[in-house]
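Enquirer: My file is model_24.tsv. It has TSV, N, CA and C atoms:
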chain	number	residue	atom	x	y	z
A	1	MET	N	76.00	71.03	93.66
A	1	MET	CA	74.83	71.66	94.24
A	1	MET	C	74.93	73.17	94.05
A	2	GLN	N	73.85	73.78	93.59
A	2	GLN	CA	73.83	75.23	93.41
A	2	GLN	C	73.06	75.90	94.54
A	3	LYS	N	73.49	77.14	94.84
A	3	LYS	CA	72.75	77.93	95.81
A	3	LYS	C	71.51	78.49	95.12
A	4	SER	N	70.61	79.05	95.88
A	4	SER	CA	69.35	79.55	95.32
A	4	SER	C	69.57	80.67	94.30
A	5	ASP	N	70.68	81.40	94.39
A	5	ASP	CA	70.93	82.47	93.43
A	5	ASP	C	71.64	81.97	92.18
A	6	GLY	N	71.85	80.64	92.06
A	6	GLY	CA	72.47	80.06	90.88
A	6	GLY	C	73.97	79.90	91.00
A	7	ALA	N	74.60	80.49	92.04
A	7	ALA	CA	76.05	80.36	92.20
A	7	ALA	C	76.40	78.97	92.71
A	8	ILE	N	77.54	78.49	92.31
A	8	ILE	CA	78.00	77.17	92.76
A	8	ILE	C	78.90	77.37	93.97
A	9	PRO	N	78.57	76.75	95.11
A	9	PRO	CA	79.44	76.90	96.29
A	9	PRO	C	80.72	76.07	96.10
A	10	TRP	N	81.84	76.64	96.48
A	10	TRP	CA	83.12	75.95	96.36
A	10	TRP	C	83.50	75.40	97.72
A	11	GLU	N	84.13	74.23	97.74
A	11	GLU	CA	84.45	73.55	99.00
A	11	GLU	C	85.26	74.43	99.93
A	12	ASP	N	86.25	75.13	99.41
A	12	ASP	CA	87.10	75.94	100.28
A	12	ASP	C	86.60	77.38	100.41
A	13	GLY	N	85.43	77.69	99.83
A	13	GLY	CA	84.87	79.03	99.92
A	13	GLY	C	85.43	80.01	98.92
A	14	ARG	N	86.40	79.58	98.12
A	14	ARG	CA	87.01	80.45	97.11
A	14	ARG	C	86.70	79.92	95.73
A	15	PRO	N	86.52	80.81	94.76
A	15	PRO	CA	86.28	80.33	93.40
A	15	PRO	C	87.54	79.70	92.84
A	16	PRO	N	87.41	78.81	91.87
A	16	PRO	CA	88.59	78.17	91.29
A	16	PRO	C	89.47	79.19	90.59
A	17	TYR	N	90.72	78.81	90.38
A	17	TYR	CA	91.73	79.68	89.78
A	17	TYR	C	91.24	80.32	88.49
A	18	ALA	N	90.68	79.54	87.59
A	18	ALA	CA	90.26	80.07	86.29
A	18	ALA	C	89.24	81.19	86.45
A	19	ARG	N	88.35	81.05	87.41
A	19	ARG	CA	87.34	82.10	87.61
A	19	ARG	C	88.00	83.38	88.13
A	20	ARG	N	88.96	83.24	89.02
A	20	ARG	CA	89.67	84.43	89.53
A	20	ARG	C	90.40	85.13	88.39
A	21	GLU	N	91.04	84.35	87.54
A	21	GLU	CA	91.77	84.93	86.41
A	21	GLU	C	90.82	85.64	85.45
A	22	LEU	N	89.70	85.03	85.16
A	22	LEU	CA	88.71	85.63	84.28
A	22	LEU	C	88.18	86.93	84.87
A	23	ARG	N	87.88	86.91	86.16
A	23	ARG	CA	87.39	88.13	86.82
A	23	ARG	C	88.42	89.24	86.75
A	24	HIS	N	89.72	88.88	86.84
A	24	HIS	CA	90.78	89.88	86.77
A	24	HIS	C	90.80	90.55	85.39
A	25	VAL	N	90.66	89.75	84.35
A	25	VAL	CA	90.63	90.28	82.99
A	25	VAL	C	89.41	91.20	82.82
A	26	ILE	N	88.27	90.75	83.30
A	26	ILE	CA	87.05	91.56	83.19
A	26	ILE	C	87.19	92.85	83.97
A	27	MET	N	87.81	92.80	85.15
A	27	MET	CA	88.03	94.01	85.94
A	27	MET	C	88.89	95.01	85.16
A	28	LYS	N	89.94	94.53	84.51
A	28	LYS	CA	90.79	95.42	83.72
A	28	LYS	C	90.00	96.09	82.60
A	29	LEU	N	89.22	95.29	81.86
A	29	LEU	CA	88.44	95.85	80.76
A	29	LEU	C	87.38	96.82	81.27
A	30	MET	N	86.74	96.47	82.36
A	30	MET	CA	85.69	97.30	82.94
A	30	MET	C	86.27	98.67	83.36
A	31	LEU	N	87.43	98.64	84.03
A	31	LEU	CA	88.03	99.89	84.48
A	31	LEU	C	88.54	100.72	83.30
A	32	LEU	N	89.17	100.07	82.33
A	32	LEU	CA	89.62	100.81	81.15
A	32	LEU	C	88.45	101.49	80.44
A	33	LYS	N	87.35	100.76	80.29
A	33	LYS	CA	86.17	101.33	79.63
A	33	LYS	C	85.63	102.53	80.40
A	34	GLN	N	85.55	102.41	81.72
A	34	GLN	CA	85.03	103.51	82.52
A	34	GLN	C	85.97	104.72	82.48
A	35	ILE	N	87.27	104.47	82.55
A	35	ILE	CA	88.24	105.57	82.49
A	35	ILE	C	88.21	106.23	81.12
A	36	LYS	N	88.00	105.45	80.08
A	36	LYS	CA	87.92	106.01	78.72
A	36	LYS	C	86.76	107.00	78.59
A	37	SER	N	85.70	106.79	79.37
A	37	SER	CA	84.53	107.66	79.27
A	37	SER	C	84.79	109.05	79.86
A	38	GLY	N	85.89	109.22	80.56
A	38	GLY	CA	86.22	110.53	81.10
A	38	GLY	C	87.15	110.41	82.30
A	39	ARG	N	87.80	111.50	82.63
A	39	ARG	CA	88.73	111.55	83.76
A	39	ARG	C	88.01	111.07	85.02
A	40	THR	N	88.58	110.11	85.71
A	40	THR	CA	87.90	109.45	86.81
A	40	THR	C	88.85	109.27	87.99
A	41	TYR	N	88.32	109.39	89.19
A	41	TYR	CA	89.16	109.17	90.38
A	41	TYR	C	88.88	107.79	90.97
A	42	PRO	N	89.84	107.26	91.75
A	42	PRO	CA	89.74	105.87	92.22
A	42	PRO	C	88.47	105.53	92.99
A	43	TYR	N	88.02	106.39	93.89
A	43	TYR	CA	86.83	106.05	94.68
A	43	TYR	C	85.61	105.86	93.78
A	44	ALA	N	85.49	106.68	92.74
A	44	ALA	CA	84.38	106.52	91.80
A	44	ALA	C	84.48	105.18	91.08
A	45	LEU	N	85.70	104.73	90.81
A	45	LEU	CA	85.88	103.44	90.15
A	45	LEU	C	85.52	102.28	91.08
A	46	VAL	N	85.81	102.42	92.36
A	46	VAL	CA	85.41	101.40	93.34
A	46	VAL	C	83.89	101.30	93.37
A	47	LYS	N	83.20	102.43	93.42
A	47	LYS	CA	81.73	102.44	93.45
A	47	LYS	C	81.17	101.87	92.14
A	48	TYR	N	81.79	102.21	91.03
A	48	TYR	CA	81.36	101.69	89.73
A	48	TYR	C	81.50	100.17	89.70
A	49	ALA	N	82.65	99.66	90.13
A	49	ALA	CA	82.88	98.21	90.15
A	49	ALA	C	81.85	97.52	91.04
A	50	ALA	N	81.54	98.12	92.16
A	50	ALA	CA	80.55	97.54	93.08
A	50	ALA	C	79.19	97.46	92.41
A	51	SER	N	78.79	98.51	91.71
A	51	SER	CA	77.47	98.51	91.07
A	51	SER	C	77.39	97.47	89.96
A	52	ILE	N	78.45	97.33	89.18
A	52	ILE	CA	78.47	96.35	88.10
A	52	ILE	C	78.45	94.94	88.67
A	53	GLU	N	79.30	94.69	89.67
A	53	GLU	CA	79.38	93.35	90.25
A	53	GLU	C	78.07	92.94	90.91
A	54	MET	N	77.44	93.86	91.63
A	54	MET	CA	76.17	93.52	92.28
A	54	MET	C	75.09	93.24	91.24
A	55	ALA	N	75.09	94.00	90.16
A	55	ALA	CA	74.09	93.82	89.11
A	55	ALA	C	74.23	92.46	88.42
A	56	HIS	N	75.44	91.90	88.47
A	56	HIS	CA	75.68	90.63	87.78
A	56	HIS	C	75.95	89.47	88.73
A	57	GLY	N	75.65	89.65	90.00
A	57	GLY	CA	75.68	88.54	90.94
A	57	GLY	C	77.03	88.12	91.48
A	58	PHE	N	78.06	88.95	91.33
A	58	PHE	CA	79.34	88.63	91.94
A	58	PHE	C	79.26	88.93	93.43
A	59	GLU	N	79.85	88.06	94.22
A	59	GLU	CA	79.84	88.25	95.67
A	59	GLU	C	81.22	88.70	96.12
A	60	ARG	N	81.38	89.98	96.36
A	60	ARG	CA	82.65	90.51	96.85
A	60	ARG	C	82.35	91.46	98.00
A	61	THR	N	83.19	91.43	99.01
A	61	THR	CA	83.02	92.36	100.11
A	61	THR	C	83.62	93.70	99.71
A	62	GLY	N	83.26	94.74	100.43
A	62	GLY	CA	83.76	96.08	100.12
A	62	GLY	C	85.27	96.16	100.13
A	63	ALA	N	85.92	95.60	101.17
A	63	ALA	CA	87.37	95.67	101.28
A	63	ALA	C	88.05	94.90	100.15
A	64	ALA	N	87.54	93.73	99.83
A	64	ALA	CA	88.13	92.93	98.75
A	64	ALA	C	87.97	93.64	97.42
A	65	ARG	N	86.80	94.19	97.16
A	65	ARG	CA	86.55	94.90	95.91
A	65	ARG	C	87.46	96.12	95.80
A	66	LYS	N	87.58	96.86	96.90
A	66	LYS	CA	88.43	98.05	96.90
A	66	LYS	C	89.87	97.66	96.59
A	67	ASN	N	90.36	96.60	97.21
A	67	ASN	CA	91.72	96.14	96.93
A	67	ASN	C	91.86	95.70	95.49
A	68	ASP	N	90.86	94.98	94.96
A	68	ASP	CA	90.89	94.55	93.57
A	68	ASP	C	91.02	95.75	92.64
A	69	VAL	N	90.22	96.78	92.88
A	69	VAL	CA	90.24	97.96	92.02
A	69	VAL	C	91.59	98.67	92.11
A	70	TYR	N	92.07	98.93	93.32
A	70	TYR	CA	93.34	99.65	93.47
A	70	TYR	C	94.51	98.85	92.89
A	71	ASN	N	94.53	97.55	93.11
A	71	ASN	CA	95.61	96.73	92.54
A	71	ASN	C	95.55	96.70	91.02
A	72	THR	N	94.34	96.65	90.47
A	72	THR	CA	94.18	96.65	89.02
A	72	THR	C	94.58	97.99	88.43
A	73	LEU	N	94.23	99.08	89.10
A	73	LEU	CA	94.64	100.41	88.63
A	73	LEU	C	96.16	100.53	88.62
A	74	ALA	N	96.81	100.02	89.66
A	74	ALA	CA	98.27	100.07	89.72
A	74	ALA	C	98.88	99.28	88.56
A	75	SER	N	98.30	98.12	88.27
A	75	SER	CA	98.78	97.29	87.17
A	75	SER	C	98.59	97.99	85.83
A	76	LEU	N	97.43	98.59	85.62
A	76	LEU	CA	97.15	99.30	84.37
A	76	LEU	C	98.09	100.50	84.20
A	77	GLU	N	98.39	101.17	85.30
A	77	GLU	CA	99.29	102.33	85.23
A	77	GLU	C	100.72	101.87	84.92
A	78	ARG	N	101.18	100.80	85.58
A	78	ARG	CA	102.52	100.26	85.30
A	78	ARG	C	102.65	99.83	83.84
A	79	SER	N	101.56	99.31	83.28
A	79	SER	CA	101.56	98.86	81.89
A	79	SER	C	101.49	100.00	80.89
A	80	GLY	N	101.22	101.21	81.37
A	80	GLY	CA	101.13	102.37	80.49
A	80	GLY	C	99.78	102.54	79.83
A	81	TYR	N	98.74	101.85	80.34
A	81	TYR	CA	97.41	101.93	79.75
A	81	TYR	C	96.57	103.06	80.32
A	82	ILE	N	96.92	103.51	81.50
A	82	ILE	CA	96.28	104.68	82.10
A	82	ILE	C	97.38	105.56	82.70
A	83	LYS	N	97.04	106.82	82.91
A	83	LYS	CA	97.99	107.71	83.59
A	83	LYS	C	97.25	108.45	84.67
A	84	ALA	N	97.98	108.74	85.73
A	84	ALA	CA	97.39	109.43	86.87
A	84	ALA	C	97.89	110.87	86.92
A	85	LYS	N	96.99	111.75	87.31
A	85	LYS	CA	97.35	113.15	87.56
A	85	LYS	C	96.72	113.53	88.88
A	86	ARG	N	97.34	114.44	89.54
A	86	ARG	CA	96.79	114.93	90.81
A	86	ARG	C	96.22	116.33	90.59
A	87	ALA	N	95.08	116.58	91.24
A	87	ALA	CA	94.44	117.88	91.14
A	87	ALA	C	93.78	118.19	92.49
A	88	VAL	N	93.71	119.47	92.81
A	88	VAL	CA	93.06	119.88	94.05
A	88	VAL	C	91.57	120.04	93.78
A	89	SER	N	90.77	119.39	94.63
A	89	SER	CA	89.32	119.46	94.52
A	89	SER	C	88.75	119.55	95.92
A	90	GLY	N	88.01	120.62	96.20
A	90	GLY	CA	87.43	120.78	97.53
A	90	GLY	C	88.48	120.89	98.61
A	91	GLY	N	89.62	121.47	98.28
A	91	GLY	CA	90.69	121.63	99.25
A	91	GLY	C	91.53	120.38	99.48
A	92	ARG	N	91.23	119.31	98.74
A	92	ARG	CA	91.98	118.05	98.89
A	92	ARG	C	92.65	117.69	97.57
A	93	VAL	N	93.78	117.05	97.66
A	93	VAL	CA	94.47	116.56	96.47
A	93	VAL	C	93.88	115.21	96.12
A	94	LYS	N	93.41	115.11	94.89
A	94	LYS	CA	92.83	113.85	94.42
A	94	LYS	C	93.61	113.36	93.20
A	95	LYS	N	93.66	112.05	93.08
A	95	LYS	CA	94.29	111.43	91.92
A	95	LYS	C	93.19	111.12	90.91
A	96	TYR	N	93.42	111.52	89.67
A	96	TYR	CA	92.50	111.25	88.58
A	96	TYR	C	93.21	110.41	87.54
A	97	TYR	N	92.47	109.51	86.93
A	97	TYR	CA	93.03	108.66	85.88
A	97	TYR	C	92.44	109.03	84.54
A	98	SER	N	93.27	108.89	83.52
A	98	SER	CA	92.80	109.01	82.14
A	98	SER	C	93.47	107.88	81.35
A	99	ILE	N	92.84	107.50	80.25
A	99	ILE	CA	93.34	106.40	79.45
A	99	ILE	C	94.39	106.94	78.46
A	100	THR	N	95.38	106.14	78.17
A	100	THR	CA	96.41	106.51	77.20
A	100	THR	C	96.02	105.94	75.83
A	101	PRO	N	96.68	106.40	74.77
A	101	PRO	CA	96.41	105.81	73.45
A	101	PRO	C	96.63	104.29	73.45
A	102	ASP	N	97.68	103.82	74.14
A	102	ASP	CA	97.92	102.37	74.24
A	102	ASP	C	96.76	101.69	74.97
A	103	GLY	N	96.24	102.34	76.01
A	103	GLY	CA	95.12	101.78	76.76
A	103	GLY	C	93.88	101.65	75.90
A	104	SER	N	93.61	102.66	75.06
A	104	SER	CA	92.46	102.60	74.15
A	104	SER	C	92.62	101.46	73.16
A	105	MET	N	93.84	101.30	72.63
A	105	MET	CA	94.10	100.24	71.66
A	105	MET	C	93.93	98.86	72.32
A	106	VAL	N	94.46	98.71	73.52
A	106	VAL	CA	94.37	97.43	74.24
A	106	VAL	C	92.92	97.13	74.59
A	107	LEU	N	92.16	98.12	74.97
A	107	LEU	CA	90.75	97.93	75.29
A	107	LEU	C	89.99	97.39	74.07
A	108	ARG	N	90.18	98.01	72.93
A	108	ARG	CA	89.50	97.55	71.70
A	108	ARG	C	89.93	96.13	71.34
A	109	ALA	N	91.22	95.89	71.31
A	109	ALA	CA	91.73	94.58	70.91
A	109	ALA	C	91.33	93.49	71.91
A	110	SER	N	91.38	93.81	73.19
A	110	SER	CA	91.03	92.81	74.22
A	110	SER	C	89.55	92.49	74.19
A	111	ALA	N	88.72	93.50	73.96
A	111	ALA	CA	87.28	93.26	73.89
A	111	ALA	C	86.96	92.34	72.71
A	112	LYS	N	87.61	92.57	71.56
A	112	LYS	CA	87.40	91.70	70.39
A	112	LYS	C	87.86	90.28	70.70
A	113	GLU	N	89.02	90.15	71.32
A	113	GLU	CA	89.56	88.82	71.64
A	113	GLU	C	88.66	88.10	72.63
A	114	LEU	N	88.15	88.82	73.62
A	114	LEU	CA	87.26	88.21	74.60
A	114	LEU	C	85.99	87.71	73.93
A	115	MET	N	85.43	88.48	73.02
A	115	MET	CA	84.22	88.05	72.32
A	115	MET	C	84.50	86.81	71.46
A	116	ARG	N	85.66	86.75	70.81
A	116	ARG	CA	86.03	85.55	70.05
A	116	ARG	C	86.16	84.35	70.97
A	117	THR	N	86.74	84.57	72.13
A	117	THR	CA	86.92	83.48	73.09
A	117	THR	C	85.58	82.99	73.60
A	118	ILE	N	84.65	83.90	73.86
A	118	ILE	CA	83.32	83.51	74.32
A	118	ILE	C	82.62	82.67	73.27
A	119	ARG	N	82.72	83.08	71.99
A	119	ARG	CA	82.11	82.28	70.92
A	119	ARG	C	82.72	80.89	70.87
A	120	LEU	N	84.03	80.80	71.03
A	120	LEU	CA	84.70	79.51	71.01
A	120	LEU	C	84.24	78.62	72.18
A	121	VAL	N	84.17	79.20	73.36
A	121	VAL	CA	83.73	78.43	74.53
A	121	VAL	C	82.30	77.94	74.33
A	122	LYS	N	81.42	78.78	73.81
A	122	LYS	CA	80.04	78.35	73.53
A	122	LYS	C	80.03	77.21	72.54
A	123	GLU	N	80.87	77.31	71.53
A	123	GLU	CA	80.93	76.24	70.52
A	123	GLU	C	81.46	74.94	71.12
A	124	LEU	N	82.48	75.03	71.93
A	124	LEU	CA	83.08	73.84	72.53
A	124	LEU	C	82.18	73.18	73.57
A	125	LEU	N	81.50	74.01	74.35
A	125	LEU	CA	80.70	73.47	75.45
A	125	LEU	C	79.24	73.29	75.08
A	126	GLY	N	78.86	73.85	73.96
A	126	GLY	CA	77.50	73.66	73.47
A	126	GLY	C	76.54	74.42	74.25
Give the structure from the file, written as structure tokens.

Expert:
Amino acid sequence: MQKSDGAIPWEDGRPPYARRELRHVIMKLMLLKQIKSGRTYPYALVKYAASIEMAHGFERTGAARKNDVYNTLASLERSGYIKAKRAVSGGRVKKYYSITPDGSMVLRASAKELMRTIRLVKELLG
């Protein structure tokens, strides 16, 4: 049974594992792409993720989305795909992220692989 917005309700209220994993990959690509467009601070990335998710019908609460973004940023930084710098802005110290050369390479390669995977899924599922 589908809800009126087209989403499928899950018995336990949580999406299945595969959907969570897919969303995690998309979150990484989305954040890398946004950071590549220019030096960005975490709060702006949380707002960006919220706008993208709402535009595409994802249902996430503010706290969950914020945690998703911060956890993904930490993962990307540990992997060496982004780097953080601190700068004073308006009398406050803010953390800004920029993409590394490895991050740019991974973004390009991952986007190509995701598009290949989408074509394969369309072919398999018709």

Enquirer: In Å, how far is it from atom N of Ile99 of chain A to atom C of Tyr48 of chain A?

Expert: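 The value is 16.5 Å.
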
Enquirer: Can you tell me how far atom C of Lys33 of chain A sits from atom N of Val106 of chain A, in Å to one decimal?

Expert: 11.8 Å

Enquirer: In Å, rounded to a single decimal, give me how far atom C of Ile26 of chain A is from atom C of Arg119 of chain A.

Expert: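 Interatomic distance, atom C of Arg119 of chain A to atom C of Ile26 of chain A: 18.3 Å.
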
Enquirer: Counting all atoms listed in the file, which residue out of A:Ser51, A:Pro42, A:Arg20, A:Ser37 sits closest to Lys95 of chain A?

Expert: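 Of A:Ser51, A:Pro42, A:Arg20, A:Ser37, the one nearest Lys95 of chain A, counting all atoms listed in the file, is A:Pro42.
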
Enquirer: Give the answer as one residue: which of A:Val121, A:Met105, A:Val46, A:Met30 has the shortest atom-to-atom distance to Asn67 of chain A, using only N, CA and C atoms?

Expert: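 Residue with the minimum atom-to-atom distance to Asn67 of chain A: A:Val46.
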
Enquirer: Write out as a PyMOL selection string the residues lying within 12 Å of Gly38 of chain A, counting only C-alpha atoms and excluding same-chain residues fewer than 5 positions away.

Expert: chain A and resi 31-33+44-45+82+96-100

Enquirer: Can those selected residues be exported to a file as a compact mmCIF listing (two decimals), keeping the file's coordinate frame so that it contains N, CA and C atoms?

Expert:
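What follows is the written file selection10.txt:
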# COMPACT_ATOMS: atom_id res chain seq x y z
N LEU A 31 87.43 98.64 84.03
CA LEU A 31 88.03 99.89 84.48
C LEU A 31 88.54 100.72 83.30
N LEU A 32 89.17 100.07 82.33
CA LEU A 32 89.62 100.81 81.15
C LEU A 32 88.45 101.49 80.44
N LYS A 33 87.35 100.76 80.29
CA LYS A 33 86.17 101.33 79.63
C LYS A 33 85.63 102.53 80.40
N ALA A 44 85.49 106.68 92.74
CA ALA A 44 84.38 106.52 91.80
C ALA A 44 84.48 105.18 91.08
N LEU A 45 85.70 104.73 90.81
CA LEU A 45 85.88 103.44 90.15
C LEU A 45 85.52 102.28 91.08
N ILE A 82 96.92 103.51 81.50
CA ILE A 82 96.28 104.68 82.10
C ILE A 82 97.38 105.56 82.70
N TYR A 96 93.42 111.52 89.67
CA TYR A 96 92.50 111.25 88.58
C TYR A 96 93.21 110.41 87.54
N TYR A 97 92.47 109.51 86.93
CA TYR A 97 93.03 108.66 85.88
C TYR A 97 92.44 109.03 84.54
N SER A 98 93.27 108.89 83.52
CA SER A 98 92.80 109.01 82.14
C SER A 98 93.47 107.88 81.35
N ILE A 99 92.84 107.50 80.25
CA ILE A 99 93.34 106.40 79.45
C ILE A 99 94.39 106.94 78.46
N THR A 100 95.38 106.14 78.17
CA THR A 100 96.41 106.51 77.20
C THR A 100 96.02 105.94 75.83

Enquirer: If we draw a sphere of 12 Å around (96.1, 114.1, 92.2), which residues have at least one atom in it when counting only C-alpha atoms? Please report them as a list in words.

Expert: Arg39, Thr40, Tyr41, Pro42, Lys83, Ala84, Lys85, Arg86, Ala87, Val88, Ser89, Gly91, Arg92, Val93, Lys94, Lys95, Tyr96, Tyr97 and Ser98 of chain A

Enquirer: Write down as a PyMOL selection string the residues belonging to segment 24-126 of chain A that are assigned strand (DSSP E) by DSSP computed on the backbone.

Expert: chain A and resi 82-89+92-99
